[in-house]
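So the structure is just underneath, and the comments pick up after that.
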Amino acid sequence: MTYFSEGWPPLPIATCIVIVLAAYALVYQYSTQKLDAKEPVVISSGIPFVGHILGMALHGGKYIKNLGIGNKSLPIFTLPVPGSRIYIVTDPALAAAVQRASKVLSFTPIIPEVTERVLGLDKATMDITRKNLDPGPGDERGFLADIQDMVYSYFGPGNYLNEISLDAARELRNELLAFATSQELNRDPSNSIDLLGWVRHLVALSTAKYFYGPQNPIALDPKLEENFWDFDHGLSKLLINLVPSVTASKAYRGRESLVKALETYLENGHHKTASKIVQRRVEIALEHGWTLRATARSELSFLFAGIVNATTSTFWILLQIFADPQLLSTVREEIAHVVTEDGLNITDLKDHCPMLVAVYRECLRLGSDNYSTRMVKENILLADRYFLKKGAVIQIAGGVLHADQSIWGDNVEDFNPGRFLEPRQQQSGSGGSSSTKQNQIHPAAFRAFGGGKTLCPGRHFAMNEILSLVSLVILMFDIEAADGGRIRVPRKNDGVLPVHILEPIAPVKVLISRRRDRFSEISANVKLDM
C-alpha cells in the first residue's frame, strides 16, 4: 500500500496491464492467422513471431523434432516468423511432392546466403555466386550451376568414383597401419582413447591427402586439424553472423587459419597434385572470376563436406558394432567371407554383407536429424492441397521422419539394423527383431542424404569410404570399454543445429588392440579393388 500511495496509483497500473495484455492478445491472434484458407495449420508460439526462432536457437534440431512428434496428425504445418513463414513437412509422401516441385521449391537461392555467412565470402564473390543460379536450357550458366553439375558428374557411378573410392580406402588403411605401428597397443586402461577423436584424426588426415594431395595444409601443419573442428563446432554461430569474430571467435579463428593455409596451398600450385575433382573445382572458380582467397574459402567447404559426415557416421557404426559382441561376430564373419588372399572388393562389401549395410543405414537414420530446406519461389498449391507463400521457406524434417513409429515401428528410438533387412536376411546379431519391412518403407522417409534434386552427390563415395574403413577396423583391431565392462552407447547431442550426423552427448573411452589372426594380417596388405 505504501508503494501505491507514493508511486503510481492502482488505476493507472491496472490500465497499463490491461493494455499490455490486450496488445499481446491481438499480436498473438494475428500470428496464428492463415495467409490463405489452404495454408497448412499454423502452430503458434507463446512469444508471437519470434518464439519459434528463439526455440530453434536455444534447443537446436530437437525443437522442430519435438514440434513434429507432438503434432503427428499434421503432415505439414506453418511456423510464423518475422516477415515470413517456415513450412515443416513431416510426411514422406508430401516430402516426395516437395522434391518433385523443384522448379518452384528450390534450394539453390539459399546457397549464397548460407555460404556467405559460413565461409566469410566478400561482396564481389557473392555477386558472382548469385548470377544465373537456376539456368534453364540454353541460358547462360553461373558458378553454382557449373560447380554442382561437375560434382554430380564426378561422384556419379563410373570410373572416377571407383578411382577416388580406392584412393580413399588405401589412405585410410595407411593411417590404420601407422596407428598400429606407432603405439604399443594393449589393454592397459592408461592407453584409453576417445573413440570419436580417434576416428576424427584418421578421417581428417586421410581425406585431406586423397583429395588435396601430399602437400595439403593439414599434412604441412597438424595444428590445422584442431582449427578444423573448432570451425565445425561453431557453424551455428557463424550462421547467425552477428560480429562472428566476437560471438563465434573460436570458429572464426579456425576458419581464417584454414583459409590462409589453403590460399598458400593454391599460390604454391600444390592443387596441381590434388585429386581431379579438386583441380576442376579450382579451375571453375577461377574461370568465373573468383580470387585465390575466395577459392580457398570454397575449398574449405569441400574439405568440410569430405570429413565431417564420414567421421561421425563411422564413429556410430563402430560404436554400435563393438558394443554388441553378437553383432560384432555376425558382421566380422560377413566381412571375412568377402576377403581373400587376392583382395578385398569394396563392391562385395555392399552386395554380400547385408548386416554391415543394415548397420550403416540404421546409424544414419538414428544420427540424421537434418532438414532438406528450400525457398518458395512462387505461390504454389503443394500436392493440389496446401498453399505455400512466395518467399517462405519449406523444410522436410528428417528428424521427425526418422522418429516416426508408423514408418519404422514401435521401437523407433532403438538401434535395430534388422529393420533394414529383408525377412530372409534376418539372423542372430541383428540387434533385435525387425518390425518393418524394408520394401514397405517410403523412399522419401530416409533423409540421411536428402532427396530429389538436392540428393547428396557424394552418397555413393561416402558409402564406399565408410564401409571400407569400418571393415578394415573390424578385421585389424579389437575395441573394448576402457573400464573393462561393456561399451556403453551415449545418446546423440540433438540440442545443436543438425548440419551433419550428430555427435554423442559424451565421449566414449575405449581400448584398441591389434588382432593377431589370419584376416588381420591379410587386411594389412590386401589389394583393394572395386
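Please note that chains go A, B, ... in the order of the C-alpha cells, that every chain numbers its residues from 1, and that ligands are numbered from 1 in the order shown.
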So that each row is one residue of segment 360-412 of chain A with an atom at most 12 Å from segment 107-116 of chain A, can you give its shortest atom pair and the distance in Å to one decimal, using only C-alpha atoms, rows by chain and rising number, as CSV?
residue,atom,partner,partner_atom,distance
A:Tyr371,CA,A:Phe107,CA,11.3
A:Ser372,CA,A:Phe107,CA,8.3
A:Thr373,CA,A:Phe107,CA,6.2
A:Arg374,CA,A:Phe107,CA,4.3
A:Met375,CA,A:Phe107,CA,6.0
A:Val376,CA,A:Phe107,CA,9.1
A:Lys377,CA,A:Pro109,CA,8.8
A:Gly391,CA,A:Pro109,CA,10.5
A:Ala392,CA,A:Ile110,CA,11.3
A:Val393,CA,A:Ile110,CA,9.4
A:Ile394,CA,A:Phe107,CA,9.6
A:Gln395,CA,A:Phe107,CA,10.1
A:Ile396,CA,A:Phe107,CA,11.8
Legend entry - Shell of 8 Å around Glu334 of chain A, only C-alpha atoms, local chain residues under 6 positions omitted, as a VMD selection string: chain A and resid 352 to 353 355 to 356
Legend entry - Non-local contacts of Ala219 of chain A (12 Å; only C-alpha atoms; under 2 positions in same chain excluded) as number ranges by chain: A: 201, 204-210, 212-217, 221-225, 261-262, 265
Could you turn the residues from that selection into a file that holds C-alpha atoms, as a PDB file, in the first residue's frame?
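See part.pdb below for the written result:
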ATOM      1  CA  HIS A 201      42.081 -37.963 -36.787  1.00  0.00           C
ATOM      2  CA  ALA A 204      40.788 -35.844 -41.437  1.00  0.00           C
ATOM      3  CA  LEU A 205      44.337 -36.868 -42.362  1.00  0.00           C
ATOM      4  CA  SER A 206      43.209 -39.368 -44.990  1.00  0.00           C
ATOM      5  CA  THR A 207      40.599 -37.097 -46.588  1.00  0.00           C
ATOM      6  CA  ALA A 208      42.989 -34.156 -46.825  1.00  0.00           C
ATOM      7  CA  LYS A 209      45.583 -36.386 -48.512  1.00  0.00           C
ATOM      8  CA  TYR A 210      43.443 -38.217 -51.076  1.00  0.00           C
ATOM      9  CA  TYR A 212      44.297 -32.436 -51.772  1.00  0.00           C
ATOM     10  CA  GLY A 213      47.495 -34.437 -52.256  1.00  0.00           C
ATOM     11  CA  PRO A 214      50.633 -34.900 -50.124  1.00  0.00           C
ATOM     12  CA  GLN A 215      51.211 -31.134 -49.788  1.00  0.00           C
ATOM     13  CA  ASN A 216      47.762 -30.490 -48.307  1.00  0.00           C
ATOM     14  CA  PRO A 217      47.586 -27.909 -45.494  1.00  0.00           C
ATOM     15  CA  ASP A 221      50.581 -28.050 -40.304  1.00  0.00           C
ATOM     16  CA  PRO A 222      48.924 -30.579 -37.936  1.00  0.00           C
ATOM     17  CA  LYS A 223      47.545 -27.742 -35.776  1.00  0.00           C
ATOM     18  CA  LEU A 224      45.044 -27.061 -38.555  1.00  0.00           C
ATOM     19  CA  GLU A 225      43.231 -30.261 -37.624  1.00  0.00           C
ATOM     20  CA  ALA A 261      46.714 -22.156 -45.309  1.00  0.00           C
ATOM     21  CA  LEU A 262      44.543 -23.132 -48.294  1.00  0.00           C
ATOM     22  CA  TYR A 265      48.469 -24.071 -50.905  1.00  0.00           C
TER      23      TYR A 265
END
Inset, instruction - From a DSSP pass on the backbone, collect the residues of segment 122-268 of chain A flagged as helix (DSSP H, G or I) and hand them back as an NGL selection string. - result: :A and (123-129 or 143-155 or 159-182 or 189-191 or 195-212 or 217-220 or 223-233 or 235-240 or 244-247 or 249-267)
Inset, instruction - Would you list, as a VMD selection string, the residues of segment 386-486 of chain A that end up in strand (DSSP E or B) under DSSP run on this structure's backbone? - result: chain A and resid 386 to 388 393 to 397 477 to 481
Take the residues from that selection and put them in a file with N, CA and C atoms, as a short mmCIF file (atom, residue, chain, number, x, y, z; two decimals), in the first residue's frame.
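As a result, selection29.cif now contains:
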data_model
loop_
_atom_site.label_atom_id
_atom_site.label_comp_id
_atom_site.auth_asym_id
_atom_site.auth_seq_id
_atom_site.Cartn_x
_atom_site.Cartn_y
_atom_site.Cartn_z
N TYR A 386 -2.11 -27.78 -50.37
CA TYR A 386 -1.56 -26.86 -49.37
C TYR A 386 -0.97 -25.63 -50.04
N PHE A 387 -1.47 -24.45 -49.64
CA PHE A 387 -0.97 -23.19 -50.17
C PHE A 387 0.35 -22.83 -49.50
N LEU A 388 1.37 -22.53 -50.32
CA LEU A 388 2.65 -22.07 -49.82
C LEU A 388 2.93 -20.69 -50.39
N VAL A 393 10.00 -20.31 -46.54
CA VAL A 393 10.93 -21.43 -46.54
C VAL A 393 10.16 -22.70 -46.20
N ILE A 394 10.48 -23.79 -46.89
CA ILE A 394 9.86 -25.07 -46.58
C ILE A 394 10.97 -26.06 -46.23
N GLN A 395 10.75 -26.82 -45.15
CA GLN A 395 11.76 -27.76 -44.68
C GLN A 395 11.15 -29.15 -44.52
N ILE A 396 11.81 -30.15 -45.08
CA ILE A 396 11.45 -31.54 -44.81
C ILE A 396 12.23 -31.94 -43.57
N ALA A 397 11.51 -32.28 -42.50
CA ALA A 397 12.12 -32.52 -41.20
C ALA A 397 12.60 -33.96 -41.08
N PHE A 477 41.45 -54.77 -35.67
CA PHE A 477 41.52 -54.35 -34.27
C PHE A 477 40.39 -54.94 -33.43
N ASP A 478 40.63 -55.00 -32.13
CA ASP A 478 39.59 -55.21 -31.13
C ASP A 478 39.41 -53.90 -30.37
N ILE A 479 38.16 -53.57 -30.06
CA ILE A 479 37.86 -52.35 -29.31
C ILE A 479 37.03 -52.74 -28.09
N GLU A 480 37.47 -52.31 -26.91
CA GLU A 480 36.80 -52.64 -25.67
C GLU A 480 36.60 -51.38 -24.84
N ALA A 481 35.68 -51.45 -23.88
CA ALA A 481 35.47 -50.33 -22.98
C ALA A 481 36.69 -50.13 -22.10
#
Contacts of Tyr154 of chain A at 12 Å or less, counting only C-alpha atoms, minus same-chain residues fewer than 3 places along, as a compact mmCIF listing (two decimals) with C-alpha atoms, in the first residue's frame?
# COMPACT_ATOMS: atom_id res chain seq x y z
CA ILE A 147 30.22 -26.48 -59.88
CA GLN A 148 27.13 -28.52 -58.95
CA ASP A 149 26.90 -30.26 -62.31
CA MET A 150 30.59 -31.10 -62.18
CA VAL A 151 30.42 -32.58 -58.67
CA PRO A 157 28.67 -44.18 -60.71
CA GLY A 158 31.62 -44.67 -63.06
CA ASN A 159 35.37 -44.90 -63.36
CA TYR A 160 36.21 -41.77 -61.36
CA LEU A 161 34.00 -42.79 -58.45
CA ASN A 162 35.84 -46.12 -58.36
CA GLU A 163 39.21 -44.38 -58.60
CA ILE A 164 38.63 -41.91 -55.76
CA SER A 165 36.96 -44.59 -53.59
CA SER A 275 42.58 -35.17 -56.98
CA LYS A 276 40.94 -34.50 -60.33
CA ILE A 277 37.78 -33.18 -58.69
CA VAL A 278 39.68 -30.60 -56.63
CA GLN A 279 41.67 -29.48 -59.67
CA ARG A 280 38.45 -28.99 -61.61
CA ARG A 281 36.78 -27.14 -58.72
CA PRO A 457 26.12 -36.12 -54.81
CA GLY A 458 28.71 -37.82 -52.59
CA ARG A 459 26.44 -40.55 -51.23
CA HIS A 460 27.99 -43.35 -53.31
CA PHE A 461 31.50 -42.26 -52.40
When you look at Asp127 of chain A with a cut-off of 12 Å (counting only C-alpha atoms), what residues show up, excluding the ones that are within fewer than 3 positions of it in the same chain? I need them as a PDB file with N, CA, C and O atoms, in the first residue's frame.
ATOM      1  N   PRO A 112      23.724 -19.164 -51.621  1.00  0.00           N
ATOM      2  CA  PRO A 112      24.576 -17.984 -51.441  1.00  0.00           C
ATOM      3  C   PRO A 112      24.485 -17.383 -50.041  1.00  0.00           C
ATOM      4  O   PRO A 112      25.502 -16.964 -49.480  1.00  0.00           O
ATOM      5  N   GLU A 113      23.279 -17.366 -49.473  1.00  0.00           N
ATOM      6  CA  GLU A 113      23.109 -16.751 -48.159  1.00  0.00           C
ATOM      7  C   GLU A 113      23.843 -17.553 -47.080  1.00  0.00           C
ATOM      8  O   GLU A 113      24.430 -16.981 -46.158  1.00  0.00           O
ATOM      9  N   GLU A 116      27.848 -17.386 -47.728  1.00  0.00           N
ATOM     10  CA  GLU A 116      28.397 -16.076 -47.390  1.00  0.00           C
ATOM     11  C   GLU A 116      28.695 -15.982 -45.898  1.00  0.00           C
ATOM     12  O   GLU A 116      29.755 -15.497 -45.485  1.00  0.00           O
ATOM     13  N   LEU A 121      32.545 -15.045 -47.286  1.00  0.00           N
ATOM     14  CA  LEU A 121      32.832 -14.581 -48.644  1.00  0.00           C
ATOM     15  C   LEU A 121      32.571 -13.088 -48.785  1.00  0.00           C
ATOM     16  O   LEU A 121      31.637 -12.542 -48.183  1.00  0.00           O
ATOM     17  N   ASP A 122      33.375 -12.407 -49.598  1.00  0.00           N
ATOM     18  CA  ASP A 122      33.246 -10.964 -49.782  1.00  0.00           C
ATOM     19  C   ASP A 122      32.153 -10.639 -50.803  1.00  0.00           C
ATOM     20  O   ASP A 122      31.657 -11.523 -51.509  1.00  0.00           O
ATOM     21  N   LYS A 123      31.817  -9.356 -50.898  1.00  0.00           N
ATOM     22  CA  LYS A 123      30.709  -8.916 -51.754  1.00  0.00           C
ATOM     23  C   LYS A 123      30.956  -9.234 -53.223  1.00  0.00           C
ATOM     24  O   LYS A 123      30.049  -9.681 -53.937  1.00  0.00           O
ATOM     25  N   ALA A 124      32.177  -9.004 -53.696  1.00  0.00           N
ATOM     26  CA  ALA A 124      32.464  -9.258 -55.121  1.00  0.00           C
ATOM     27  C   ALA A 124      32.246 -10.728 -55.465  1.00  0.00           C
ATOM     28  O   ALA A 124      31.684 -11.060 -56.519  1.00  0.00           O
ATOM     29  N   ARG A 130      25.776 -15.211 -57.156  1.00  0.00           N
ATOM     30  CA  ARG A 130      24.331 -15.056 -57.340  1.00  0.00           C
ATOM     31  C   ARG A 130      23.909 -14.974 -58.808  1.00  0.00           C
ATOM     32  O   ARG A 130      22.716 -14.961 -59.106  1.00  0.00           O
ATOM     33  N   LYS A 131      24.846 -14.949 -59.718  1.00  0.00           N
ATOM     34  CA  LYS A 131      24.493 -14.860 -61.132  1.00  0.00           C
ATOM     35  C   LYS A 131      23.983 -16.197 -61.660  1.00  0.00           C
ATOM     36  O   LYS A 131      24.589 -17.239 -61.417  1.00  0.00           O
ATOM     37  N   ASN A 132      22.890 -16.141 -62.386  1.00  0.00           N
ATOM     38  CA  ASN A 132      22.363 -17.325 -63.101  1.00  0.00           C
ATOM     39  C   ASN A 132      22.324 -18.572 -62.216  1.00  0.00           C
ATOM     40  O   ASN A 132      22.899 -19.606 -62.523  1.00  0.00           O
ATOM     41  N   LEU A 133      21.614 -18.434 -61.091  1.00  0.00           N
ATOM     42  CA  LEU A 133      21.574 -19.523 -60.116  1.00  0.00           C
ATOM     43  C   LEU A 133      20.886 -20.769 -60.657  1.00  0.00           C
ATOM     44  O   LEU A 133      21.336 -21.895 -60.441  1.00  0.00           O
ATOM     45  N   GLY A 142      25.864 -19.967 -64.429  1.00  0.00           N
ATOM     46  CA  GLY A 142      26.626 -19.318 -63.379  1.00  0.00           C
ATOM     47  C   GLY A 142      27.563 -20.282 -62.675  1.00  0.00           C
ATOM     48  O   GLY A 142      27.632 -21.472 -62.996  1.00  0.00           O
ATOM     49  N   PHE A 143      28.298 -19.757 -61.699  1.00  0.00           N
ATOM     50  CA  PHE A 143      29.276 -20.562 -60.964  1.00  0.00           C
ATOM     51  C   PHE A 143      28.626 -21.761 -60.287  1.00  0.00           C
ATOM     52  O   PHE A 143      29.113 -22.892 -60.402  1.00  0.00           O
ATOM     53  N   LEU A 144      27.530 -21.534 -59.564  1.00  0.00           N
ATOM     54  CA  LEU A 144      26.902 -22.628 -58.819  1.00  0.00           C
ATOM     55  C   LEU A 144      26.416 -23.735 -59.740  1.00  0.00           C
ATOM     56  O   LEU A 144      26.568 -24.923 -59.430  1.00  0.00           O
ATOM     57  N   HIS A 288      35.326 -18.290 -63.332  1.00  0.00           N
ATOM     58  CA  HIS A 288      34.210 -17.380 -63.051  1.00  0.00           C
ATOM     59  C   HIS A 288      34.660 -16.103 -62.336  1.00  0.00           C
ATOM     60  O   HIS A 288      33.817 -15.298 -61.931  1.00  0.00           O
ATOM     61  N   GLY A 289      35.961 -15.910 -62.185  1.00  0.00           N
ATOM     62  CA  GLY A 289      36.451 -14.652 -61.624  1.00  0.00           C
ATOM     63  C   GLY A 289      36.679 -14.643 -60.130  1.00  0.00           C
ATOM     64  O   GLY A 289      36.881 -13.571 -59.541  1.00  0.00           O
ATOM     65  N   TRP A 290      36.681 -15.789 -59.501  1.00  0.00           N
ATOM     66  CA  TRP A 290      36.975 -15.837 -58.074  1.00  0.00           C
ATOM     67  C   TRP A 290      38.464 -15.552 -57.845  1.00  0.00           C
ATOM     68  O   TRP A 290      39.319 -15.961 -58.626  1.00  0.00           O
TER      69      TRP A 290
END
